[in-house]
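File shown: target34.tsv (TSV, C-alpha atoms).
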chain	number	residue	atom	x	y	z
G	22	MET	CA	-73.72	10.53	34.16
G	23	GLU	CA	-71.25	9.61	31.48
G	24	TYR	CA	-68.72	11.86	33.18
G	25	PHE	CA	-69.43	10.36	36.56
G	26	GLU	CA	-68.81	6.88	35.19
G	27	LEU	CA	-65.61	8.06	33.56
G	28	ALA	CA	-64.42	9.49	36.88
G	29	ILE	CA	-65.21	6.35	38.89
G	30	GLY	CA	-63.66	4.20	36.18
G	31	SER	CA	-60.45	6.21	36.06
G	32	ILE	CA	-60.04	6.54	39.82
G	33	PHE	CA	-60.84	3.01	40.93
G	34	ILE	CA	-61.14	0.48	38.13
G	35	ASN	CA	-58.43	1.62	35.74
G	36	ASN	CA	-56.36	3.19	38.49
G	37	ILE	CA	-53.34	4.61	36.78
G	38	LEU	CA	-50.87	3.13	39.26
G	39	LEU	CA	-52.39	-0.15	40.32
G	40	ALA	CA	-54.06	-1.27	37.09
G	41	GLN	CA	-52.11	0.49	34.34
G	42	PHE	CA	-48.68	0.60	35.99
G	43	LEU	CA	-47.91	4.16	35.06
G	44	GLY	CA	-45.82	6.30	37.38
G	45	MET	CA	-44.19	3.49	39.31
G	46	CYS	CA	-40.93	5.29	40.03
G	47	PRO	CA	-42.44	8.05	42.19
G	48	PHE	CA	-44.86	5.46	43.61
G	49	VAL	CA	-41.97	3.47	45.03
G	50	GLY	CA	-39.67	6.43	45.61
G	51	THR	CA	-41.85	8.96	47.43
G	52	SER	CA	-44.06	6.63	49.42
G	53	LYS	CA	-41.79	6.07	52.40
G	54	LYS	CA	-43.24	9.05	54.24
G	55	MET	CA	-46.79	10.26	54.30
G	56	GLU	CA	-45.74	13.89	53.92
G	57	THR	CA	-43.81	13.41	50.69
G	58	ALA	CA	-46.58	11.20	49.33
G	59	VAL	CA	-49.15	13.94	49.87
G	60	GLY	CA	-46.84	16.52	48.26
G	61	MET	CA	-46.13	14.31	45.29
G	62	GLY	CA	-49.81	13.53	44.89
G	63	MET	CA	-50.69	17.21	44.82
G	64	ALA	CA	-47.91	18.06	42.40
G	65	VAL	CA	-49.10	15.29	40.09
G	66	VAL	CA	-52.74	16.47	40.21
G	67	PHE	CA	-51.67	19.95	39.22
G	68	VAL	CA	-49.23	18.90	36.49
G	69	MET	CA	-51.46	16.18	35.08
G	70	VAL	CA	-54.53	18.41	34.66
G	71	MET	CA	-52.50	21.20	33.08
G	72	ALA	CA	-50.63	18.77	30.85
G	73	GLY	CA	-53.87	17.07	29.84
G	74	MET	CA	-55.37	20.36	28.69
G	75	ILE	CA	-52.29	21.62	26.90
G	76	THR	CA	-51.40	18.37	25.15
G	77	TRP	CA	-54.99	17.89	24.01
G	78	SER	CA	-54.98	21.37	22.46
G	79	VAL	CA	-51.56	20.85	20.90
G	80	ASP	CA	-52.67	17.54	19.42
G	81	THR	CA	-55.96	18.84	18.04
G	82	PHE	CA	-55.02	22.30	16.83
G	83	LEU	CA	-51.41	21.74	15.80
G	84	LEU	CA	-50.50	18.13	15.10
G	85	LYS	CA	-53.77	16.98	13.56
G	86	ALA	CA	-54.28	20.24	11.67
G	87	LEU	CA	-50.80	20.05	10.16
G	88	ASN	CA	-50.91	16.28	9.65
G	89	VAL	CA	-47.76	15.64	11.67
G	90	GLU	CA	-49.09	13.18	14.26
G	91	TYR	CA	-45.77	11.34	14.28
G	92	LEU	CA	-44.34	14.25	16.27
G	93	ARG	CA	-46.74	13.50	19.13
G	94	THR	CA	-44.22	11.81	21.44
G	95	LEU	CA	-41.68	14.56	20.93
G	96	SER	CA	-44.06	17.49	21.38
G	97	PHE	CA	-45.84	16.01	24.40
G	98	ILE	CA	-42.65	15.45	26.32
G	99	LEU	CA	-41.51	19.00	25.61
G	100	VAL	CA	-44.81	20.42	26.87
G	101	ILE	CA	-44.62	18.32	30.03
G	102	ALA	CA	-40.97	19.15	30.66
G	103	SER	CA	-41.56	22.89	30.50
G	104	LEU	CA	-44.65	22.61	32.68
G	105	VAL	CA	-42.71	20.73	35.35
G	106	GLN	CA	-40.00	23.36	35.23
G	107	PHE	CA	-42.66	25.96	35.96
G	108	VAL	CA	-44.10	24.02	38.91
G	109	GLU	CA	-40.60	23.54	40.28
G	110	MET	CA	-39.85	27.26	40.16
G	111	PHE	CA	-43.21	28.01	41.78
G	112	LEU	CA	-42.68	25.58	44.67
G	113	LYS	CA	-39.10	26.68	45.24
G	114	LYS	CA	-40.27	30.25	45.73
G	115	SER	CA	-43.51	29.78	47.63
G	116	ILE	CA	-43.27	26.46	49.54
G	117	PRO	CA	-39.55	25.74	50.14
G	118	GLY	CA	-40.27	23.11	52.80
G	119	LEU	CA	-42.23	20.98	50.40
G	120	TYR	CA	-39.67	21.61	47.70
G	121	ALA	CA	-36.93	20.23	49.94
G	122	GLY	CA	-39.05	17.21	50.83
G	123	LEU	CA	-39.76	16.21	47.26
G	124	GLY	CA	-36.09	16.52	46.40
G	125	ILE	CA	-35.08	14.63	43.32
G	126	PHE	CA	-38.60	13.51	42.49
G	127	LEU	CA	-39.93	16.86	41.40
G	128	PRO	CA	-37.78	17.19	38.28
G	129	LEU	CA	-38.48	13.51	37.79
G	130	ILE	CA	-42.18	14.27	37.23
G	131	THR	CA	-40.91	14.98	33.72
G	132	THR	CA	-40.09	11.32	33.43
G	133	ASN	CA	-43.20	10.34	35.37
G	134	CYS	CA	-44.92	8.16	32.85
G	135	ALA	CA	-48.27	8.71	34.57
G	136	VAL	CA	-48.41	12.29	33.31
G	137	MET	CA	-47.40	11.43	29.76
G	138	GLY	CA	-49.44	8.22	29.86
G	139	ALA	CA	-52.64	10.02	30.86
G	140	CYS	CA	-52.14	12.50	28.00
G	141	LEU	CA	-51.59	9.68	25.50
G	142	LEU	CA	-54.61	7.78	26.80
G	143	ASN	CA	-56.80	10.84	26.30
G	144	ILE	CA	-55.69	11.00	22.69
G	145	SER	CA	-55.95	7.29	21.96
G	146	ASN	CA	-59.46	7.18	23.47
G	147	GLU	CA	-60.40	10.13	21.25
G	148	TYR	CA	-61.98	12.13	24.03
G	149	VAL	CA	-63.45	15.59	23.47
G	150	PHE	CA	-61.89	18.41	25.47
G	151	THR	CA	-64.13	18.29	28.55
G	152	LYS	CA	-63.86	14.50	28.72
G	153	ALA	CA	-60.09	14.68	28.43
G	154	LEU	CA	-60.04	17.20	31.25
G	155	MET	CA	-62.25	14.99	33.42
G	156	SER	CA	-60.21	11.89	32.73
G	157	SER	CA	-56.89	13.64	33.45
G	158	PHE	CA	-58.25	14.92	36.73
G	159	SER	CA	-59.65	11.52	37.72
G	160	TYR	CA	-56.44	9.73	36.83
G	161	ALA	CA	-54.52	12.22	38.94
G	162	VAL	CA	-56.89	11.76	41.88
G	163	GLY	CA	-56.52	8.00	41.50
G	164	PHE	CA	-52.75	8.42	41.50
G	165	GLY	CA	-52.86	10.52	44.67
G	166	LEU	CA	-55.24	8.14	46.38
G	167	ALA	CA	-53.17	5.05	45.63
G	168	LEU	CA	-49.94	6.82	46.59
G	169	ILE	CA	-51.29	8.03	49.93
G	170	LEU	CA	-52.87	4.67	50.78
G	171	PHE	CA	-49.63	2.93	49.92
G	172	ALA	CA	-47.55	5.37	51.96
G	173	GLY	CA	-49.78	4.79	54.98
G	174	VAL	CA	-49.48	1.03	54.75
G	175	ARG	CA	-45.78	1.21	54.04
G	176	GLU	CA	-45.05	3.33	57.11
G	177	ARG	CA	-46.60	0.62	59.25
G	178	VAL	CA	-44.91	-2.25	57.40
G	179	ASN	CA	-41.50	-0.68	57.92
G	180	LEU	CA	-42.06	-0.65	61.67
G	181	GLY	CA	-42.30	-4.41	61.67
G	182	ARG	CA	-39.38	-6.81	61.48
G	183	VAL	CA	-39.06	-7.59	57.80
G	184	PRO	CA	-36.61	-10.34	56.72
G	185	LYS	CA	-33.47	-8.80	55.27
G	186	PRO	CA	-33.81	-9.78	51.59
G	187	LEU	CA	-37.42	-8.58	51.56
G	188	GLN	CA	-36.68	-5.16	53.01
G	189	ASP	CA	-37.56	-1.86	51.39
G	190	THR	CA	-38.60	-2.07	47.73
G	191	SER	CA	-39.28	-5.77	47.74
G	192	ILE	CA	-41.83	-5.79	50.57
G	193	GLY	CA	-43.14	-2.51	49.17
G	194	LEU	CA	-43.99	-4.16	45.85
G	195	ILE	CA	-45.68	-7.09	47.55
G	196	THR	CA	-47.72	-4.64	49.66
G	197	ALA	CA	-48.65	-2.80	46.47
G	198	GLY	CA	-49.78	-6.11	45.02
G	199	ILE	CA	-52.19	-6.61	47.91
G	200	ILE	CA	-53.51	-3.04	47.56
G	201	ALA	CA	-53.95	-3.65	43.82
G	202	LEU	CA	-55.90	-6.80	44.67
G	203	THR	CA	-58.36	-4.79	46.76
G	204	PHE	CA	-58.78	-2.36	43.86
G	205	THR	CA	-59.75	-5.19	41.51
G	206	SER	CA	-62.92	-5.63	43.55
G	207	PHE	CA	-64.20	-2.33	42.14
G	208	ARG	CA	-64.54	-4.00	38.76
G	209	GLY	CA	-68.10	-4.34	37.64
G	210	MET	CA	-69.12	-1.19	39.48
G	211	VAL	CA	-69.47	0.72	36.24
U	19	MET	CA	-9.16	-0.33	27.39
U	20	ALA	CA	-10.56	-3.63	26.16
U	21	GLN	CA	-10.91	-4.78	29.72
U	22	SER	CA	-12.82	-1.75	30.89
U	23	LEU	CA	-14.99	-1.95	27.78
U	24	ALA	CA	-15.96	-5.46	28.75
U	25	LYS	CA	-16.54	-4.25	32.28
U	26	GLU	CA	-18.95	-1.54	31.18
U	27	PHE	CA	-20.81	-4.07	29.08
U	28	THR	CA	-21.10	-6.82	31.67
U	29	LYS	CA	-22.06	-4.60	34.59
U	30	GLY	CA	-25.46	-4.19	32.96
U	31	LEU	CA	-25.93	-7.94	32.93
U	32	TRP	CA	-25.45	-8.53	36.63
U	33	ALA	CA	-23.98	-5.88	38.93
U	34	GLU	CA	-26.32	-3.11	37.82
U	35	ILE	CA	-29.01	-5.10	36.07
U	36	PRO	CA	-32.21	-3.07	35.77
U	37	PRO	CA	-34.74	-3.20	37.32
U	38	PHE	CA	-33.39	-5.49	40.03
U	39	ARG	CA	-30.17	-3.75	41.04
U	40	LEU	CA	-31.05	-0.40	39.54
U	41	VAL	CA	-34.64	0.08	40.64
U	42	LEU	CA	-35.69	2.16	37.65
U	43	GLY	CA	-38.03	1.62	34.74
U	44	LEU	CA	-40.64	-0.22	36.76
U	45	CYS	CA	-43.63	0.82	34.65
U	46	PRO	CA	-42.84	-1.20	31.52
U	47	THR	CA	-41.44	-3.96	33.71
U	48	LEU	CA	-44.75	-4.47	35.46
U	49	ALA	CA	-47.05	-3.66	32.60
U	50	VAL	CA	-45.78	-5.60	29.63
U	51	THR	CA	-44.54	-8.78	31.27
U	52	LYS	CA	-47.75	-10.74	30.89
U	53	SER	CA	-45.81	-12.95	28.52
U	54	VAL	CA	-42.22	-13.67	27.54
U	55	GLU	CA	-42.82	-12.39	24.04
U	56	ASN	CA	-44.01	-8.96	25.17
U	57	GLY	CA	-41.08	-8.76	27.59
U	58	ILE	CA	-38.53	-9.45	24.87
U	59	GLY	CA	-40.16	-7.01	22.45
U	60	MET	CA	-40.20	-4.23	25.01
U	61	GLY	CA	-36.64	-5.02	26.09
U	62	LEU	CA	-35.30	-4.87	22.55
U	63	ALA	CA	-37.11	-1.62	21.78
U	64	THR	CA	-35.62	-0.08	24.93
U	65	THR	CA	-32.16	-1.44	24.06
U	66	PHE	CA	-32.28	0.22	20.65
U	67	VAL	CA	-33.19	3.56	22.19
U	68	LEU	CA	-30.55	3.19	24.92
U	69	VAL	CA	-27.71	2.39	22.53
U	70	PHE	CA	-28.42	5.14	20.03
U	71	SER	CA	-29.30	7.84	22.52
U	72	ASN	CA	-26.17	6.99	24.53
U	73	LEU	CA	-24.08	7.17	21.35
U	74	LEU	CA	-25.47	10.52	20.23
U	75	ILE	CA	-25.37	12.09	23.68
U	76	SER	CA	-21.80	10.96	24.13
U	77	LEU	CA	-20.80	12.41	20.74
U	78	LEU	CA	-22.48	15.70	21.59
U	79	ARG	CA	-21.36	15.85	25.20
U	80	SER	CA	-19.00	18.77	24.70
U	81	VAL	CA	-21.54	20.72	22.63
U	82	ILE	CA	-24.59	20.44	24.89
U	83	PRO	CA	-24.69	23.31	27.42
U	84	ALA	CA	-24.88	22.01	30.99
U	85	LYS	CA	-27.89	24.10	31.93
U	86	VAL	CA	-30.26	22.75	29.31
U	87	ARG	CA	-28.77	19.28	29.09
U	88	ILE	CA	-31.83	17.40	30.38
U	89	ALA	CA	-34.05	19.02	27.75
U	90	CYS	CA	-31.49	18.14	25.05
U	91	TYR	CA	-31.30	14.53	26.24
U	92	ILE	CA	-35.08	14.25	26.18
U	93	VAL	CA	-35.28	15.55	22.63
U	94	ILE	CA	-32.61	13.09	21.49
U	95	ILE	CA	-34.32	10.20	23.28
U	96	ALA	CA	-37.74	11.18	21.93
U	97	THR	CA	-36.32	11.15	18.40
U	98	PHE	CA	-35.13	7.56	18.71
U	99	VAL	CA	-38.37	6.52	20.39
U	100	THR	CA	-40.29	7.94	17.43
U	101	ILE	CA	-38.06	5.90	15.10
U	102	VAL	CA	-38.76	2.72	17.07
U	103	GLU	CA	-42.46	3.50	17.10
U	104	LEU	CA	-42.62	3.92	13.32
U	105	VAL	CA	-40.46	0.86	12.62
U	106	MET	CA	-42.52	-1.36	14.92
U	107	GLN	CA	-45.73	-0.07	13.42
U	108	ALA	CA	-44.46	-1.02	9.99
U	109	PHE	CA	-42.90	-4.41	10.67
U	110	THR	CA	-44.25	-5.90	13.92
U	111	TYR	CA	-47.76	-4.54	14.02
U	112	PRO	CA	-49.34	-7.16	16.37
U	113	LEU	CA	-46.60	-6.59	18.95
U	114	PHE	CA	-46.94	-2.84	18.51
U	115	LEU	CA	-50.64	-3.12	19.37
U	116	LYS	CA	-49.93	-5.28	22.42
U	117	LEU	CA	-47.35	-2.93	23.87
U	118	GLY	CA	-49.64	0.02	23.15
U	119	ILE	CA	-48.73	3.27	24.84
U	120	PHE	CA	-45.66	1.73	26.45
U	121	ILE	CA	-43.71	2.25	23.22
U	122	PRO	CA	-44.05	6.07	23.24
U	123	LEU	CA	-43.52	5.90	27.00
U	124	ILE	CA	-39.95	4.64	26.53
U	125	VAL	CA	-39.21	8.34	26.32
U	126	VAL	CA	-40.01	8.71	30.01
U	127	ASN	CA	-38.30	5.49	31.04
U	128	CYS	CA	-35.94	6.54	33.81
U	129	ILE	CA	-33.34	3.98	32.76
U	130	VAL	CA	-32.69	5.73	29.46
U	131	LEU	CA	-32.46	9.22	30.93
U	132	GLY	CA	-30.54	7.84	33.90
U	133	ARG	CA	-27.82	6.33	31.67
U	134	ALA	CA	-27.64	9.50	29.60
U	135	GLU	CA	-27.08	11.63	32.67
U	136	ALA	CA	-24.94	9.24	34.70
U	137	PHE	CA	-22.83	7.68	31.98
U	138	ALA	CA	-23.09	8.87	28.38
U	139	SER	CA	-22.55	12.51	29.25
U	140	LYS	CA	-19.20	11.69	30.87
U	141	ASN	CA	-17.69	8.98	28.67
U	142	ASN	CA	-16.50	8.47	25.11
U	143	PRO	CA	-18.89	7.08	22.46
U	144	VAL	CA	-17.46	3.54	22.43
U	145	MET	CA	-17.88	3.18	26.17
U	146	ALA	CA	-21.33	4.73	26.02
U	147	VAL	CA	-22.46	2.21	23.41
U	148	ALA	CA	-21.06	-0.68	25.49
U	149	ASP	CA	-22.90	0.67	28.52
U	150	GLY	CA	-26.18	1.11	26.64
U	151	LEU	CA	-25.94	-2.34	25.10
U	152	GLY	CA	-25.16	-4.00	28.44
U	153	ILE	CA	-27.92	-2.25	30.36
U	154	GLY	CA	-30.35	-2.85	27.48
U	155	ILE	CA	-29.63	-6.57	27.25
U	156	GLY	CA	-29.80	-6.84	31.04
U	157	PHE	CA	-33.21	-5.14	30.96
U	158	THR	CA	-34.39	-7.49	28.20
U	159	LEU	CA	-33.27	-10.51	30.23
U	160	SER	CA	-35.07	-9.24	33.33
U	161	LEU	CA	-38.27	-8.60	31.42
U	162	ALA	CA	-38.09	-11.99	29.71
U	163	SER	CA	-37.53	-13.83	32.99
U	164	LEU	CA	-40.29	-11.96	34.80
U	165	GLY	CA	-42.52	-12.61	31.78
U	166	ALA	CA	-41.61	-16.30	31.90
U	167	VAL	CA	-42.49	-16.58	35.60
U	168	ARG	CA	-45.82	-14.85	35.14
U	169	GLU	CA	-46.76	-16.63	31.94
U	170	ILE	CA	-45.95	-20.11	33.21
U	171	LEU	CA	-47.71	-19.62	36.54
U	172	GLY	CA	-50.60	-17.61	35.13
U	173	ALA	CA	-51.33	-19.45	31.90
U	174	GLY	CA	-49.48	-22.75	32.27
U	175	THR	CA	-47.75	-22.36	28.92
U	176	ILE	CA	-45.04	-20.34	27.27
U	177	THR	CA	-45.59	-19.27	23.68
U	178	ILE	CA	-43.12	-17.28	21.64
U	179	TRP	CA	-44.06	-15.74	18.30
U	180	GLY	CA	-47.19	-17.74	17.65
U	181	GLY	CA	-47.27	-21.45	16.90
U	182	ASN	CA	-47.21	-24.13	19.54
U	183	PRO	CA	-46.20	-23.42	23.13
U	184	VAL	CA	-42.51	-24.10	23.74
U	185	LEU	CA	-43.33	-25.21	27.26
U	186	ASP	CA	-46.65	-26.59	28.44
U	187	ILE	CA	-47.31	-27.70	31.99
U	188	SER	CA	-51.06	-27.18	31.91
U	189	THR	CA	-51.66	-30.95	31.83
U	190	TRP	CA	-50.76	-31.24	35.51
U	191	TYR	CA	-50.78	-27.63	36.65
U	192	GLN	CA	-53.82	-25.50	37.30
U	193	PRO	CA	-53.01	-21.99	35.97
U	194	PHE	CA	-53.33	-19.23	38.49
U	195	ALA	CA	-54.83	-16.24	36.68
U	196	TYR	CA	-53.78	-13.91	39.49
U	197	MET	CA	-50.24	-13.95	38.12
U	198	VAL	CA	-51.10	-12.41	34.76
U	199	GLU	CA	-53.37	-9.82	36.37
U	200	ALA	CA	-52.10	-6.53	37.74
U	201	PRO	CA	-51.67	-7.55	41.42
U	202	GLY	CA	-49.63	-10.60	40.43
U	203	ALA	CA	-47.16	-8.36	38.63
U	204	PHE	CA	-46.31	-6.56	41.87
U	205	ALA	CA	-46.05	-9.75	43.87
U	206	ALA	CA	-43.90	-11.50	41.25
U	207	LEU	CA	-41.50	-8.57	40.92
U	208	GLY	CA	-41.31	-8.14	44.71
U	209	LEU	CA	-40.45	-11.79	45.21
U	210	MET	CA	-37.89	-11.82	42.38
U	211	LEU	CA	-36.28	-8.73	43.87
U	212	ALA	CA	-36.08	-10.49	47.23
U	213	GLY	CA	-34.54	-13.51	45.49
U	214	MET	CA	-31.91	-11.29	43.86
U	215	ASN	CA	-31.13	-9.70	47.22
U	216	LEU	CA	-30.74	-13.13	48.73
U	217	ILE	CA	-28.26	-14.53	46.20
U	218	GLY	CA	-26.23	-11.44	45.42
U	219	LYS	CA	-24.45	-9.11	47.76
U	220	LYS	CA	-25.54	-5.51	47.74
Entire entry expressed as structure tokens:
Amino acid sequence: MEYFELAIGSIFINNILLAQFLGMCPFVGTSKKMETAVGMGMAVVFVMVMAGMITWSVDTFLLKALNVEYLRTLSFILVIASLVQFVEMFLKKSIPGLYAGLGIFLPLITTNCAVMGACLLNISNEYVFTKALMSSFSYAVGFGLALILFAGVRERVNLGRVPKPLQDTSIGLITAGIIALTFTSFRGMV
Amino acid sequence: MAQSLAKEFTKGLWAEIPPFRLVLGLCPTLAVTKSVENGIGMGLATTFVLVFSNLLISLLRSVIPAKVRIACYIVIIATFVTIVELVMQAFTYPLFLKLGIFIPLIVVNCIVLGRAEAFASKNNPVMAVADGLGIGIGFTLSLASLGAVREILGAGTITIWGGNPVLDISTWYQPFAYMVEAPGAFAALGLMLAGMNLIGKK
């Protein structure tokens, strides 16, 4: 039950994009087309769960054991960077179409603060391993959900006649604000 | 030389001011701008990292092998972020708590890596410092102004570093809590971006 609450909380109430503002660059950058949004969402789920497990282990068995917690930022980013490199090589070989679609944003998962943020949140909330795993997965699902919802809305918005100064990112952010508003109604569920 | 130095510095203040002209680094922009104070603190921390990582990357630009350059940049940036983290923890603890995980997350701020890749790796150290300082101050100004808009509309007051509010309109204005909540951040940034598009050419 505790895990179920954690999952609902991380997906809807503390949604990593709409409530915690992590991972905004890919949110704005890859949400113009549904296809790239789905690809990005999947890539993030994979990377975030892997990164959550590895960084938790690194933190517990290396940094805490050796009393060098101040190296956390440095070691986490290195773990994430190498992981992303691996995913990139994998996609390039096996799914070239998707690789082409994601373009610049795949290497940028390295600088996707959602991945690093979820890892840091696991540590600062002092979760045990299984909880950290569950929370990473739920955050990633929340990320994918918000990204895909946003891409769907944005595709429609861009068909309309938007005033020139509001075009593109500007109207996108306002749309995101309205989506975030709907997510606030999940508060109090858990 | 002096002229182009000034140019590199001032472009960060208007022509390429992040996050309005350069749509990067949106996470801290949206997350920490509940108040002016948080905005300034975050902006200054980012400026410090920008200036020093730009300087070091520029000094090492002929040594760093092209193939592993991104990894090298990230290590350099992470080092300065750790310094900022420790310094803030020691001297500005309340602010450190408020900014929370967004301090370590400067390491994944696209602005910093973006400047390293696009500018510092191709220019001499003096220019790189001017660029970092300009972009950093521009970022601080953006965060402070977005923070000001949200704080005044959402709370009716502006308070900087404790004490009495420097500006208080709550006597005749009903604060609109939506603005300091998450959805208000998106709306405020979207509208400010539209305003910038309206007054400046592309």
Report task. Compute the distance from (-31.1, -4.2, 34.1) to each atom, counting only C-alpha atoms, keep the residues with any atom at most 12 Å away, and return them as a PyMOL selection string; use the coordinates of the file. Result -> chain U and resi 27-44+47+61+64-65+68+128-130+133+149-163+211
Requested in this report: Please determine the contact residues of chain G with respect to chain U at a cut-off of 8 Å, counting all atoms listed in the file, and supply them as JSON, numbers by chain.
Outcome: {"G": [39, 40, 41, 42, 43, 44, 45, 46, 91, 92, 94, 95, 98, 99, 102, 131, 132, 133, 134, 137, 138, 141, 142, 186, 187, 188, 190, 191, 192, 193, 194, 195, 196, 197, 198, 199, 200, 201, 202]}
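Interatomic distance, atom CA of Lys54 of chain G against atom CA of Leu38 of chain G: 17.8 Å.
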Query raised in the report: For the atom pair atom CA of Pro83 of chain U and atom CA of Phe137 of chain U, what is the interatomic distance in Å to one decimal place?
Result: 16.4 Å
Report task. May I have the protein, DNA and RNA residues with any atom at most 10 Å from the point (-50.6, 4.5, 46.1), counting only C-alpha atoms, written as an MDAnalysis selection string? Result -> chainID G and resid 36:39 45 47:49 51:52 58 62 163:175 197 200:201
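When atom CA of Leu113 of chain U is paired with atom CA of Ile58 of chain U, their separation reads 10.4 Å.
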Report task. Identify which of the residues G:Ser145, G:Asn88, G:Ser96, G:Ser159 lies closest to Ile75 of chain G, counting only C-alpha atoms when measuring atom-to-atom distances. Result -> G:Ser96
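Nearest residue to Arg93 of chain G, choosing from G:Tyr24, G:Phe67, G:Phe33, G:Trp77 and counting all atoms listed in the file: G:Trp77.
Using all atoms listed in the file, the smallest distance between any of U:Val69, U:Val54, U:Leu62, U:Ile178 and Val147 of chain U comes from U:Val69.
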Can you pull segment 33-44 of chain G out of that block with N, CA and C atoms and hand it back as a compact mmCIF listing (two decimals), in the first residue's frame?
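So the final result, stored in out18.txt, reads:
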# COMPACT_ATOMS: atom_id res chain seq x y z
N PHE G 33 1.24 11.61 -10.19
CA PHE G 33 0.26 12.69 -10.36
C PHE G 33 0.53 13.92 -9.51
N ILE G 34 0.71 13.71 -8.19
CA ILE G 34 0.74 14.87 -7.31
C ILE G 34 2.06 15.61 -7.39
N ASN G 35 3.16 14.88 -7.27
CA ASN G 35 4.46 15.53 -7.39
C ASN G 35 5.04 15.28 -8.77
N ASN G 36 4.21 15.37 -9.78
CA ASN G 36 4.68 15.10 -11.14
C ASN G 36 5.99 15.84 -11.40
N ILE G 37 6.96 15.07 -11.91
CA ILE G 37 8.30 15.64 -11.99
C ILE G 37 8.37 16.85 -12.92
N LEU G 38 7.55 16.86 -13.95
CA LEU G 38 7.57 18.01 -14.87
C LEU G 38 6.70 19.15 -14.36
N LEU G 39 5.45 18.82 -14.03
CA LEU G 39 4.48 19.89 -13.83
C LEU G 39 4.46 20.43 -12.41
N ALA G 40 5.00 19.68 -11.45
CA ALA G 40 5.01 20.19 -10.08
C ALA G 40 6.41 20.48 -9.59
N GLN G 41 7.41 19.75 -10.11
CA GLN G 41 8.78 19.96 -9.62
C GLN G 41 9.66 20.66 -10.64
N PHE G 42 9.16 20.85 -11.83
CA PHE G 42 9.90 21.56 -12.89
C PHE G 42 11.24 20.94 -13.20
N LEU G 43 11.31 19.63 -13.27
CA LEU G 43 12.57 19.04 -13.67
C LEU G 43 12.40 18.50 -15.09
N GLY G 44 13.42 18.67 -15.91
CA GLY G 44 13.35 18.17 -17.27
C GLY G 44 12.55 19.05 -18.22
